[in-house]
>>> print(open('entry07.txt').read())   # compact mmCIF, C-alpha atoms
# COMPACT_ATOMS: atom_id res chain seq x y z
CA MET A 1 125.44 113.13 97.22
CA PRO A 2 122.60 113.11 94.62
CA LEU A 3 119.64 110.79 95.10
CA TRP A 4 120.08 109.29 91.62
CA LYS A 5 123.15 108.72 89.46
CA ILE A 6 122.92 109.72 85.80
CA HIS A 7 122.67 106.65 83.59
CA GLY A 8 125.11 106.77 80.68
CA ASN A 9 124.75 109.98 78.73
CA GLY A 10 121.41 110.70 80.40
CA ARG A 11 119.49 110.54 77.13
CA THR A 12 119.50 106.96 75.84
CA VAL A 13 119.54 103.39 77.14
CA ALA A 14 121.86 100.88 75.47
CA PRO A 15 120.13 97.82 73.92
CA GLU A 16 121.19 95.39 76.68
CA ALA A 17 121.12 97.89 79.56
CA VAL A 18 118.48 99.01 82.07
CA VAL A 19 118.18 102.18 84.11
CA ARG A 20 118.29 100.88 87.67
CA PRO A 21 116.16 102.26 90.55
CA GLU A 22 119.07 104.33 91.89
CA GLU A 23 119.76 105.84 88.43
CA ARG A 24 117.90 108.26 86.19
CA LEU A 25 118.00 109.80 82.74
CA ASN A 26 118.12 113.59 82.34
CA TRP A 27 115.17 115.42 83.86
CA PRO A 28 113.22 116.08 80.63
CA ALA A 29 113.32 112.35 79.81
CA THR A 30 112.54 111.41 83.41
CA ILE A 31 109.54 113.76 83.51
CA ALA A 32 108.23 112.36 80.21
CA ILE A 33 108.48 108.79 81.51
CA GLY A 34 106.83 109.82 84.80
CA VAL A 35 103.86 111.31 82.93
CA GLN A 36 103.69 108.11 80.87
CA HIS A 37 103.34 106.17 84.12
CA VAL A 38 100.37 108.38 85.07
CA ILE A 39 98.71 107.69 81.71
CA ALA A 40 99.31 103.96 82.12
CA MET A 41 97.70 103.76 85.55
CA PHE A 42 94.97 106.29 84.90
CA GLY A 43 92.49 104.16 82.98
CA ALA A 44 92.41 101.56 85.75
CA THR A 45 92.69 103.90 88.73
CA PHE A 46 89.80 106.20 87.85
CA LEU A 47 87.45 103.30 87.09
CA VAL A 48 87.45 102.09 90.69
CA PRO A 49 85.97 105.27 92.25
CA ILE A 50 83.50 105.60 89.37
CA LEU A 51 82.25 102.05 89.94
CA THR A 52 82.11 102.39 93.73
CA GLY A 53 80.72 105.93 93.89
CA PHE A 54 83.83 107.40 95.52
CA PRO A 55 85.10 110.88 94.52
CA VAL A 56 87.65 110.56 91.71
CA PRO A 57 89.89 113.53 92.73
CA THR A 58 90.21 112.15 96.27
CA THR A 59 91.22 108.75 94.99
CA LEU A 60 93.71 110.34 92.59
CA LEU A 61 95.16 112.48 95.40
CA PHE A 62 95.84 109.53 97.68
CA SER A 63 97.10 107.50 94.78
CA GLY A 64 99.82 110.11 94.30
CA VAL A 65 100.42 110.51 98.05
CA GLY A 66 100.56 106.73 98.43
CA THR A 67 103.14 106.45 95.65
CA ILE A 68 105.40 108.99 97.35
CA LEU A 69 104.91 107.23 100.71
CA PHE A 70 105.86 103.94 99.07
CA LEU A 71 109.09 105.45 97.73
CA LEU A 72 109.94 106.88 101.14
CA VAL A 73 109.28 103.64 103.04
CA THR A 74 111.30 101.57 100.55
CA ARG A 75 114.02 104.25 100.57
CA ASN A 76 113.91 104.75 96.80
CA LYS A 77 114.97 101.14 96.18
CA LEU A 78 111.73 99.81 94.66
CA PRO A 79 109.97 101.51 91.72
CA SER A 80 106.19 101.29 91.95
CA TYR A 81 103.02 103.28 91.44
CA LEU A 82 100.18 102.74 93.90
CA GLY A 83 96.85 102.91 92.08
CA SER A 84 93.30 101.90 93.01
CA SER A 85 92.95 98.18 93.68
CA PHE A 86 90.15 96.37 91.84
CA ALA A 87 90.00 93.89 94.73
CA PHE A 88 88.10 96.51 96.74
CA ILE A 89 85.27 96.97 94.21
CA ALA A 90 83.05 94.11 95.35
CA PRO A 91 83.27 94.66 99.14
CA VAL A 92 83.04 98.44 98.82
CA THR A 93 79.96 98.16 96.59
CA ALA A 94 78.28 95.73 98.97
CA ALA A 95 79.20 97.68 102.12
CA THR A 96 78.07 101.00 100.65
CA ALA A 97 74.72 99.51 99.65
CA THR A 98 74.03 97.95 103.05
CA ALA A 99 75.80 100.22 105.52
CA GLY A 100 76.91 103.40 103.74
CA MET A 101 80.17 104.92 102.53
CA GLY A 102 81.49 105.41 106.08
CA SER A 103 81.36 101.67 106.73
CA ALA A 104 83.06 100.94 103.40
CA LEU A 105 85.86 103.37 104.28
CA ALA A 106 86.25 101.68 107.66
CA GLY A 107 86.73 98.39 105.84
CA ILE A 108 89.44 99.93 103.66
CA VAL A 109 91.22 101.29 106.74
CA ALA A 110 91.05 97.87 108.40
CA VAL A 111 92.57 96.19 105.34
CA GLY A 112 95.40 98.73 105.32
CA VAL A 113 96.18 98.25 109.02
CA LEU A 114 96.22 94.46 108.66
CA LEU A 115 98.41 94.65 105.55
CA ALA A 116 100.86 96.96 107.34
CA ILE A 117 101.10 94.52 110.26
CA ILE A 118 101.75 91.65 107.85
CA GLY A 119 104.40 93.79 106.17
CA LEU A 120 106.22 94.22 109.48
CA VAL A 121 106.07 90.47 110.10
CA VAL A 122 107.39 89.71 106.61
CA HIS A 123 110.18 92.26 107.03
CA ILE A 124 111.28 90.55 110.25
CA ALA A 125 110.52 86.88 109.53
CA GLY A 126 110.89 86.72 105.74
CA VAL A 127 108.40 85.95 102.95
CA LYS A 128 108.58 82.15 102.88
CA TRP A 129 105.63 81.72 105.27
CA VAL A 130 103.49 83.73 102.85
CA ASP A 131 104.36 81.24 100.10
CA ARG A 132 103.25 78.37 102.33
CA PHE A 133 100.00 80.00 103.38
CA LEU A 134 99.16 81.37 99.92
CA PRO A 135 100.42 78.85 97.34
CA PRO A 136 99.68 79.41 93.61
CA VAL A 137 96.43 77.42 93.48
CA LEU A 138 95.01 79.38 96.41
CA ALA A 139 96.31 82.77 95.28
CA GLY A 140 94.93 82.23 91.79
CA THR A 141 91.55 81.13 93.12
CA ILE A 142 91.15 84.18 95.38
CA VAL A 143 92.10 86.64 92.62
CA ALA A 144 89.81 84.90 90.12
CA LEU A 145 86.79 84.70 92.40
CA ILE A 146 86.94 88.43 93.19
CA GLY A 147 86.74 89.22 89.48
CA PHE A 148 84.04 86.69 88.62
CA ASN A 149 81.93 87.72 91.64
CA LEU A 150 81.40 91.06 89.87
CA ALA A 151 79.76 89.52 86.80
CA GLY A 152 76.30 90.56 87.98
CA ALA A 153 77.37 94.19 88.44
CA ALA A 154 78.77 94.28 84.90
CA ARG A 155 75.54 92.84 83.51
CA GLY A 156 73.48 95.44 85.38
CA ASN A 157 75.39 98.32 83.78
CA TYR A 158 75.40 96.66 80.36
CA GLU A 159 71.64 96.21 80.25
CA GLN A 160 70.96 99.92 80.88
CA ALA A 161 72.53 100.98 77.56
CA PRO A 162 73.32 97.86 75.53
CA ILE A 163 74.20 99.60 72.24
CA THR A 164 76.82 101.88 73.83
CA ALA A 165 78.05 99.02 76.02
CA THR A 166 78.49 96.72 73.02
CA PHE A 167 80.38 99.38 71.07
CA THR A 168 82.66 100.08 74.04
CA LEU A 169 83.39 96.40 74.61
CA ALA A 170 84.08 95.78 70.91
CA ILE A 171 86.37 98.78 70.47
CA THR A 172 88.28 97.91 73.67
CA ILE A 173 89.00 94.41 72.35
CA LEU A 174 89.90 95.85 68.94
CA PHE A 175 92.43 98.24 70.48
CA ALA A 176 93.99 95.36 72.44
CA VAL A 177 94.59 93.26 69.32
CA VAL A 178 95.46 96.06 66.86
CA PHE A 179 97.95 98.08 68.89
CA ARG A 180 101.35 96.92 70.03
CA GLY A 181 103.36 97.76 73.13
CA PHE A 182 102.18 100.60 75.35
CA LEU A 183 98.98 101.42 73.41
CA GLY A 184 97.92 97.79 73.58
CA ARG A 185 98.39 97.77 77.35
CA ILE A 186 96.10 100.77 77.83
CA SER A 187 93.33 99.37 75.61
CA ILE A 188 90.76 99.71 78.42
CA PHE A 189 91.59 103.40 78.83
CA LEU A 190 91.33 103.93 75.07
CA GLY A 191 88.08 101.96 75.02
CA VAL A 192 86.56 104.27 77.62
CA ILE A 193 87.55 107.34 75.58
CA ALA A 194 86.08 105.86 72.39
CA GLY A 195 82.92 104.79 74.21
CA TYR A 196 82.61 108.25 75.75
CA ILE A 197 82.73 109.88 72.29
CA PHE A 198 80.20 107.33 70.96
CA ALA A 199 77.86 108.06 73.90
CA ALA A 200 78.16 111.79 73.18
CA PHE A 201 76.89 111.25 69.62
CA ARG A 202 73.98 109.27 71.07
CA GLY A 203 73.08 112.08 73.47
CA GLU A 204 73.87 110.08 76.60
CA LEU A 205 76.17 112.61 78.30
CA ASP A 206 75.16 114.88 81.16
CA PHE A 207 77.58 117.81 81.65
CA THR A 208 75.57 119.60 84.36
CA ALA A 209 78.06 118.73 87.10
CA VAL A 210 81.01 119.59 84.83
CA ASP A 211 79.65 123.09 84.14
CA GLN A 212 79.15 123.73 87.84
CA ALA A 213 82.56 122.45 89.00
CA ALA A 214 85.47 124.82 89.66
CA TRP A 215 88.73 124.54 87.76
CA VAL A 216 90.86 124.53 90.91
CA GLY A 217 89.97 123.30 94.39
CA LEU A 218 90.59 120.68 97.03
CA PRO A 219 89.13 117.18 96.65
CA THR A 220 86.08 116.17 98.69
CA PHE A 221 86.93 114.26 101.87
CA HIS A 222 84.82 111.60 103.58
CA PHE A 223 85.61 109.78 106.80
CA PRO A 224 85.17 106.19 108.02
CA ASP A 225 82.36 105.27 110.40
CA PHE A 226 83.51 102.87 113.10
CA VAL A 227 80.44 103.47 115.30
CA ASP A 228 77.65 102.11 113.10
CA PRO A 229 76.91 98.49 114.11
CA ASN A 230 76.61 97.57 110.43
CA THR A 231 80.28 98.50 109.95
CA TRP A 232 81.54 95.45 111.79
CA SER A 233 79.41 93.00 109.84
CA ALA A 234 80.42 94.69 106.58
CA MET A 235 84.10 94.60 107.54
CA ALA A 236 84.25 90.82 107.16
CA MET A 237 83.77 91.27 103.41
CA PHE A 238 87.07 93.14 103.18
CA LEU A 239 89.36 90.55 104.79
CA PRO A 240 89.94 88.48 101.60
CA VAL A 241 91.25 91.63 99.92
CA VAL A 242 94.32 91.45 102.18
CA LEU A 243 95.32 88.16 100.55
CA VAL A 244 95.02 89.69 97.09
CA LEU A 245 97.14 92.71 98.05
CA ILE A 246 99.81 90.40 99.47
CA ALA A 247 99.90 88.41 96.25
CA GLU A 248 100.05 91.58 94.11
CA ASN A 249 102.83 93.20 96.14
CA VAL A 250 104.94 90.06 96.37
CA GLY A 251 104.51 89.51 92.64
CA HIS A 252 105.49 93.11 91.90
CA VAL A 253 108.69 92.93 93.97
CA ARG A 254 109.72 89.65 92.38
CA GLY A 255 108.94 91.00 88.91
CA VAL A 256 111.15 94.07 89.39
CA ALA A 257 113.95 91.96 90.92
CA THR A 258 113.85 89.66 87.91
CA MET A 259 113.82 92.42 85.29
CA VAL A 260 116.61 94.37 86.96
CA GLU A 261 118.48 91.11 87.68
CA ASP A 262 119.03 92.07 91.32
CA PRO A 263 117.79 89.47 93.87
CA ALA A 264 118.53 91.94 96.68
CA ILE A 265 115.36 93.85 95.69
CA ASN A 266 113.34 90.92 97.10
CA LYS A 267 114.43 92.10 100.55
CA GLN A 268 112.06 95.05 100.07
CA THR A 269 108.98 92.77 100.16
CA GLY A 270 108.12 93.51 103.79
CA LYS A 271 108.57 97.25 103.30
CA ALA A 272 106.41 97.13 100.16
CA LEU A 273 103.56 95.50 102.10
CA LEU A 274 104.01 97.98 104.95
CA ALA A 275 103.98 100.95 102.58
CA ASP A 276 100.89 99.74 100.71
CA GLY A 277 99.16 99.12 104.05
CA ILE A 278 99.88 102.66 105.25
CA SER A 279 98.79 104.11 101.90
CA THR A 280 95.53 102.12 101.90
CA SER A 281 94.69 103.14 105.48
CA LEU A 282 95.43 106.80 104.74
CA ALA A 283 93.27 106.74 101.61
CA GLY A 284 90.40 105.04 103.43
CA PHE A 285 90.57 107.48 106.33
CA PHE A 286 89.93 110.46 104.03
CA GLY A 287 87.61 108.99 101.41
CA GLY A 288 89.90 107.46 98.80
CA SER A 289 90.05 103.96 97.34
CA GLY A 290 92.44 101.30 98.66
CA THR A 291 95.73 101.07 96.78
CA THR A 292 98.02 98.42 95.33
CA THR A 293 101.09 98.13 93.13
CA TYR A 294 100.21 98.38 89.45
CA GLY A 295 100.94 95.88 86.69
CA GLU A 296 100.29 98.56 84.06
CA ASN A 297 103.41 100.37 85.27
CA ILE A 298 105.44 97.17 85.19
CA GLY A 299 104.60 97.14 81.48
CA VAL A 300 105.87 100.69 81.02
CA MET A 301 109.13 99.80 82.77
CA ALA A 302 109.55 96.68 80.66
CA SER A 303 109.02 98.61 77.41
CA THR A 304 111.26 101.57 78.32
CA ARG A 305 113.81 99.57 80.39
CA VAL A 306 113.74 102.50 82.83
CA TYR A 307 113.27 101.38 86.46
CA SER A 308 114.28 104.69 88.00
CA THR A 309 112.36 105.69 91.12
CA ALA A 310 112.80 109.30 90.01
CA ALA A 311 110.15 108.72 87.33
CA TYR A 312 107.72 107.58 90.04
CA TRP A 313 108.31 110.73 92.07
CA VAL A 314 107.26 112.64 88.95
CA ALA A 315 104.21 110.36 88.54
CA GLY A 316 103.13 110.80 92.17
CA ILE A 317 103.44 114.59 92.04
CA THR A 318 101.58 114.71 88.70
CA ALA A 319 98.67 112.70 90.15
CA ILE A 320 98.46 115.05 93.15
CA LEU A 321 98.34 118.11 90.86
CA LEU A 322 95.59 116.54 88.70
CA SER A 323 93.52 115.84 91.82
CA MET A 324 93.34 119.57 92.55
CA SER A 325 90.88 120.20 89.69
CA PRO A 326 87.23 119.49 90.61
CA LYS A 327 86.25 120.06 86.95
CA PHE A 328 88.62 117.28 85.91
CA GLY A 329 86.97 114.97 88.45
CA ALA A 330 83.51 115.95 87.20
CA VAL A 331 84.47 115.04 83.63
CA ILE A 332 85.59 111.61 84.79
CA ASN A 333 82.37 111.13 86.76
CA SER A 334 80.33 111.94 83.65
CA VAL A 335 81.25 108.64 81.98
CA PRO A 336 77.88 107.14 80.92
CA VAL A 337 76.61 103.89 82.37
CA GLY A 338 76.71 102.19 78.97
CA VAL A 339 80.44 102.84 78.66
CA LEU A 340 80.96 101.41 82.13
CA GLY A 341 78.86 98.38 81.22
CA GLY A 342 81.02 97.61 78.21
CA VAL A 343 84.38 98.16 79.84
CA THR A 344 83.53 96.34 83.09
CA THR A 345 82.38 93.29 81.16
CA ALA A 346 85.96 93.00 79.95
CA LEU A 347 87.63 94.36 83.08
CA TYR A 348 86.00 92.09 85.64
CA GLY A 349 86.61 89.11 83.42
CA LEU A 350 90.26 90.10 83.08
CA ILE A 351 90.62 90.15 86.87
CA GLY A 352 89.38 86.58 86.88
CA VAL A 353 91.76 85.65 84.07
CA ILE A 354 94.69 87.06 86.08
CA GLY A 355 93.88 84.46 88.73
CA ILE A 356 93.85 81.73 86.10
CA LYS A 357 97.18 83.03 84.77
CA ILE A 358 98.66 82.50 88.24
CA TRP A 359 97.68 78.82 87.93
CA VAL A 360 99.18 78.55 84.45
CA ASP A 361 102.42 80.37 85.26
CA ASN A 362 102.99 78.16 88.29
CA ARG A 363 101.87 74.96 86.51
CA VAL A 364 99.30 74.09 89.16
CA ASP A 365 98.54 70.35 89.07
CA PHE A 366 94.77 70.07 88.68
CA SER A 367 94.90 66.29 88.61
CA ARG A 368 94.99 66.46 92.42
CA PRO A 369 91.59 66.54 94.19
CA VAL A 370 92.67 69.14 96.76
CA ASN A 371 93.52 71.62 94.00
CA GLN A 372 90.37 70.74 92.06
CA TYR A 373 88.01 71.36 94.96
CA THR A 374 89.86 74.46 96.18
CA ALA A 375 89.25 76.17 92.84
CA ALA A 376 85.87 74.59 92.02
CA VAL A 377 84.08 75.43 95.26
CA GLY A 378 85.65 78.89 95.57
CA LEU A 379 84.62 79.97 92.08
CA ILE A 380 81.07 78.62 92.22
CA VAL A 381 80.35 80.22 95.60
CA ALA A 382 81.68 83.56 94.32
CA VAL A 383 79.99 83.51 90.91
CA GLY A 384 76.72 82.32 92.41
CA GLY A 385 76.76 85.06 95.04
CA PHE A 386 76.19 82.68 97.97
CA GLN A 387 75.29 84.46 101.22
CA ILE A 388 74.76 83.71 104.88
CA ILE A 389 72.40 86.20 106.54
CA ASP A 390 71.23 86.36 110.14
CA PRO A 391 67.74 87.93 109.92
CA ASP A 392 67.76 88.91 113.59
CA SER A 393 71.05 90.83 113.76
CA GLY A 394 71.36 91.65 110.08
CA PHE A 395 74.86 90.17 110.03
CA GLN A 396 75.79 88.75 106.64
CA LEU A 397 78.68 87.09 104.87
CA GLY A 398 78.82 87.57 101.12
CA GLY A 399 80.11 85.39 98.31
CA ILE A 400 83.69 86.66 98.37
CA VAL A 401 84.11 85.99 102.10
CA LEU A 402 82.51 82.56 101.96
CA ALA A 403 84.45 81.60 98.82
CA THR A 404 87.78 82.75 100.23
CA VAL A 405 87.33 81.08 103.61
CA GLY A 406 86.08 77.92 101.93
CA ALA A 407 89.04 77.79 99.54
CA ILE A 408 91.55 78.29 102.36
CA LEU A 409 89.97 75.58 104.54
CA ILE A 410 89.65 73.11 101.66
CA TYR A 411 93.25 73.61 100.62
CA HIS A 412 95.02 73.48 103.97
CA LEU A 413 92.82 70.93 105.73
CA GLY A 414 92.58 68.83 102.58
CA ASN A 415 96.35 68.78 102.20
CA LEU A 416 96.83 67.88 105.87
CA ILE A 417 94.44 64.93 105.69
CA ALA A 418 95.68 63.71 102.30
CA ARG A 419 99.30 63.74 103.43
CA LEU A 420 98.51 61.98 106.69
CA ARG A 421 96.60 59.34 104.76
CA LYS A 422 99.15 59.31 101.89
CA THR A 423 96.36 59.18 99.32
CA GLY A 424 98.13 61.33 96.70
CA ALA A 425 95.23 63.79 96.68
CA ASP A 426 97.37 66.64 98.02
CA ASP A 427 99.00 69.54 96.18
CA PRO A 428 102.44 68.42 94.94
CA ALA A 429 105.54 70.50 94.39
CA PRO A 430 105.20 72.93 91.42
CA LEU A 431 105.66 71.25 88.05
CA GLU A 432 108.78 72.08 86.09
CA ALA A 433 108.43 73.14 82.46
CA VAL A 434 109.78 70.60 79.97
CA GLY A 435 111.38 71.96 76.82
CA PRO A 436 111.03 75.47 75.39
CA LEU A 437 107.24 75.21 75.04
CA GLY A 438 106.47 73.18 78.16
CA GLY A 439 105.31 69.67 77.27
CA ASP A 440 104.38 66.73 79.41
CA PRO A 441 105.76 66.80 82.96
CA ALA A 442 108.27 64.16 83.91
CA ASP A 443 107.30 61.46 86.36
CA ARG A 444 107.99 62.44 89.94
CA GLU A 445 107.64 60.96 93.39
CA GLN A 446 104.49 61.48 95.41
CA ILE A 447 104.91 64.03 98.14
>>> encode(input="entry07.txt", output="structure tokens")
Amino acid sequence: MPLWKIHGNGRTVAPEAVVRPEERLNWPATIAIGVQHVIAMFGATFLVPILTGFPVPTTLLFSGVGTILFLLVTRNKLPSYLGSSFAFIAPVTAATATAGMGSALAGIVAVGVLLAIIGLVVHIAGVKWVDRFLPPVLAGTIVALIGFNLAGAARGNYEQAPITATFTLAITILFAVVFRGFLGRISIFLGVIAGYIFAAFRGELDFTAVDQAAWVGLPTFHFPDFVDPNTWSAMAMFLPVVLVLIAENVGHVRGVATMVEDPAINKQTGKALLADGISTSLAGFFGGSGTTTYGENIGVMASTRVYSTAAYWVAGITAILLSMSPKFGAVINSVPVGVLGGVTTALYGLIGVIGIKIWVDNRVDFSRPVNQYTAAVGLIVAVGGFQIIDPDSGFQLGGIVLATVGAILIYHLGNLIARLRKTGADDPAPLEAVGPLGGDPADREQI
């Protein structure tokens, strides 16, 4: 029995139809869509290793391997590409600066192991407890604070080459508003290309490493360091990332289930978390960036109406093949700092906006003090870069850790106290939209 059934005539998709995960078009069309998925994820995936100092080919290799692992664990029932997660940028940057790459990789491995364990629990017990622990106001706050915490890093890159950075930022925004559909969704990738060409005219490129790199070869591998005492203090910075990966994976599964109109796909949530956890641990163990499901590829599926897992097998294999060219990795690493400054100014802000979008989509009620303080304190601690440092041991907790822990405590303890006291300060049930464009919420009982 074939792995995929041929959809229709294998060449076209009817206006009201979708190609389901267990179906495929003919192989030429499937290969073309698979390559399109690689292009969609590429602009985001390669930026993470560039910004964190990790080898690009290694990250690309384990991105492809992780995608294939994901398909195997979910038994070809859930289409997804696993690309580099932006949630790792801040803790990896901080851990590398204070304790070295080995400690940062150990943190990535730890996140993957914890995510895999949570995946097993979700697979056995269901996903409802995740909803209770990570409601929309908390999920949105954690995603937003990780993006806004990186504002200082974006400014540092921007200031080194402000003219190139300004051009890159402006052209990225222009691409986003000029182009429609797929091209609009990869505006950051196009912005990097345009900025790269602009930097070349300004004489800001250094091709020394590109000239010296071989055309074909294995990626460079690095290994985690669990022995260094600094590793364990740095590892605390990675724990909030687990919450982001949970939110991203759960959102991805629900998004696919909705678009395919098959609620049974939601049963794959636990396996999705398990697969992403295994993929992240494997990447971290050999020097790659942590992985997550990719929204860019959701966009490709929505525009093509092709949800076939066959296309993702093509994408995973293509990424692995690309990773086998050191020269290709050297070209990516040659992106000038000014280009990075421009694109990260937009990119880090967009991560923050994704968190805010979670609030908007779920109609979070910010008239309630618990929700107000959960978001307010979390964002200020993250943006301000608050830290707790023990000068004797060198142990430190950075802004992301403090902001995440603070937001969780404020939300859950605040809700508990407010409900016991019946003050109405707690987080109510999600608001229902009124009318086609929303409108004022109807009166409802206090919870």
>>> atom_distance(input="entry07.txt", atom1="atom CA of A:Gly53", atom2="atom CA of A:Val35")
26.2 Å
>>> residues_near_point(input="entry07.txt", point="(107.6, 103.9, 90.8)", cutoff="8 Å", atoms="all atoms listed in the file", output="PyMOL selection string")
chain A and resi 67+71+78-81+297+307-313+315
>>> atom_distance(input="entry07.txt", atom1="atom CA of A:Val370", atom2="atom CA of A:Gly406")
12.1 Å
>>> residues_around(input="entry07.txt", residues="A:Gly399", least_positions_apart="3", cutoff="12 Å", atoms="all atoms listed in the file", output="ChimeraX atom specification")
/A:90-91,94,142,145-150,236-238,240,377-389,396,402-407
>>> closest_atom_pairs(input="entry07.txt", of="stretch 399-420 of chain A", to="stretch 118-132 of chain A", cutoff="12 Å", atoms="only C-alpha atoms", output="CSV")
residue,atom,partner,partner_atom,distance
A:Ile408,CA,A:Arg132,CA,11.7
A:Tyr411,CA,A:Arg132,CA,11.2
A:His412,CA,A:Arg132,CA,9.7
A:Asn415,CA,A:Arg132,CA,11.8
>>> atom_distance(input="entry07.txt", atom1="atom CA of A:Leu347", atom2="atom CA of A:Ala319")
22.5 Å
>>> closest_residue(input="entry07.txt", among="A:Gly288, A:Pro162, A:Pro28, A:Pro369", to="A:Gly10", atoms="only C-alpha atoms")
A:Pro28
>>> residues_near_point(input="entry07.txt", point="(92.9, 67.5, 91.2)", cutoff="12 Å", atoms="all atoms listed in the file", output="PyMOL selection string")
chain A and resi 137+364-376+411+414-415+424-428
>>> axis_aligned_box(input="entry07.txt", around="stretch 80-84 of chain A", padding_each_side="6 Å", output="AutoDock Vina command-line options")
--center_x 99.7 --center_y 102.3 --center_z 92.7 --size_x 24.9 --size_y 14.0 --size_z 14.5
>>> closest_residue(input="entry07.txt", among="A:Trp215, A:Tyr158, A:Phe62, A:Phe189", to="A:Ile320", atoms="all atoms listed in the file")
A:Phe62
>>> closest_residue(input="entry07.txt", among="A:Ile317, A:Ala116, A:His7, A:Ile89", to="A:Ala151", atoms="all atoms listed in the file")
A:Ile89
>>> residues_around(input="entry07.txt", residues="A:Val337", least_positions_apart="5", cutoff="12 Å", atoms="only C-alpha atoms", output="PyMOL selection string")
chain A and resi 47+50-51+153-166+168+192+195-196+199+204-206+342-344
>>> decode(input="entry07.txt", residues="stretch 283-295 of chain A", atoms="N, CA, C and O atoms", output="PDB file, in the first residue's frame")
ATOM      1  N   ALA A 283      19.738  18.235  17.930  1.00  0.00           N
ATOM      2  CA  ALA A 283      20.443  19.392  17.364  1.00  0.00           C
ATOM      3  C   ALA A 283      21.432  19.961  18.371  1.00  0.00           C
ATOM      4  O   ALA A 283      22.591  20.240  18.037  1.00  0.00           O
ATOM      5  N   GLY A 284      20.975  20.153  19.608  1.00  0.00           N
ATOM      6  CA  GLY A 284      21.859  20.702  20.634  1.00  0.00           C
ATOM      7  C   GLY A 284      23.045  19.813  20.947  1.00  0.00           C
ATOM      8  O   GLY A 284      24.137  20.295  21.258  1.00  0.00           O
ATOM      9  N   PHE A 285      22.868  18.509  20.829  1.00  0.00           N
ATOM     10  CA  PHE A 285      23.959  17.584  21.166  1.00  0.00           C
ATOM     11  C   PHE A 285      25.088  17.632  20.143  1.00  0.00           C
ATOM     12  O   PHE A 285      26.230  17.294  20.462  1.00  0.00           O
ATOM     13  N   PHE A 286      24.787  18.089  18.924  1.00  0.00           N
ATOM     14  CA  PHE A 286      25.819  18.114  17.879  1.00  0.00           C
ATOM     15  C   PHE A 286      26.153  19.517  17.380  1.00  0.00           C
ATOM     16  O   PHE A 286      26.909  19.666  16.427  1.00  0.00           O
ATOM     17  N   GLY A 287      25.581  20.547  17.993  1.00  0.00           N
ATOM     18  CA  GLY A 287      25.990  21.898  17.634  1.00  0.00           C
ATOM     19  C   GLY A 287      25.005  22.684  16.809  1.00  0.00           C
ATOM     20  O   GLY A 287      25.360  23.729  16.252  1.00  0.00           O
ATOM     21  N   GLY A 288      23.750  22.214  16.719  1.00  0.00           N
ATOM     22  CA  GLY A 288      22.739  22.937  15.968  1.00  0.00           C
ATOM     23  C   GLY A 288      21.817  23.738  16.874  1.00  0.00           C
ATOM     24  O   GLY A 288      21.849  23.598  18.100  1.00  0.00           O
ATOM     25  N   SER A 289      20.999  24.575  16.271  1.00  0.00           N
ATOM     26  CA  SER A 289      20.049  25.392  17.025  1.00  0.00           C
ATOM     27  C   SER A 289      18.806  24.580  17.370  1.00  0.00           C
ATOM     28  O   SER A 289      18.437  23.646  16.653  1.00  0.00           O
ATOM     29  N   GLY A 290      18.136  24.949  18.472  1.00  0.00           N
ATOM     30  CA  GLY A 290      16.891  24.303  18.851  1.00  0.00           C
ATOM     31  C   GLY A 290      15.818  24.540  17.800  1.00  0.00           C
ATOM     32  O   GLY A 290      15.825  25.558  17.101  1.00  0.00           O
ATOM     33  N   THR A 291      14.884  23.614  17.677  1.00  0.00           N
ATOM     34  CA  THR A 291      13.910  23.664  16.595  1.00  0.00           C
ATOM     35  C   THR A 291      12.486  23.901  17.105  1.00  0.00           C
ATOM     36  O   THR A 291      12.195  23.736  18.279  1.00  0.00           O
ATOM     37  N   THR A 292      11.622  24.270  16.161  1.00  0.00           N
ATOM     38  CA  THR A 292      10.199  24.440  16.447  1.00  0.00           C
ATOM     39  C   THR A 292       9.426  24.341  15.147  1.00  0.00           C
ATOM     40  O   THR A 292      10.014  24.428  14.054  1.00  0.00           O
ATOM     41  N   THR A 293       8.120  24.154  15.248  1.00  0.00           N
ATOM     42  CA  THR A 293       7.269  24.170  14.058  1.00  0.00           C
ATOM     43  C   THR A 293       7.241  25.594  13.488  1.00  0.00           C
ATOM     44  O   THR A 293       7.349  26.553  14.233  1.00  0.00           O
ATOM     45  N   TYR A 294       7.067  25.701  12.179  1.00  0.00           N
ATOM     46  CA  TYR A 294       7.243  27.000  11.536  1.00  0.00           C
ATOM     47  C   TYR A 294       5.962  27.584  10.956  1.00  0.00           C
ATOM     48  O   TYR A 294       5.293  26.962  10.121  1.00  0.00           O
ATOM     49  N   GLY A 295       5.648  28.807  11.370  1.00  0.00           N
ATOM     50  CA  GLY A 295       4.490  29.513  10.854  1.00  0.00           C
ATOM     51  C   GLY A 295       4.633  29.853   9.382  1.00  0.00           C
ATOM     52  O   GLY A 295       3.637  29.933   8.655  1.00  0.00           O
TER      53      GLY A 295
END
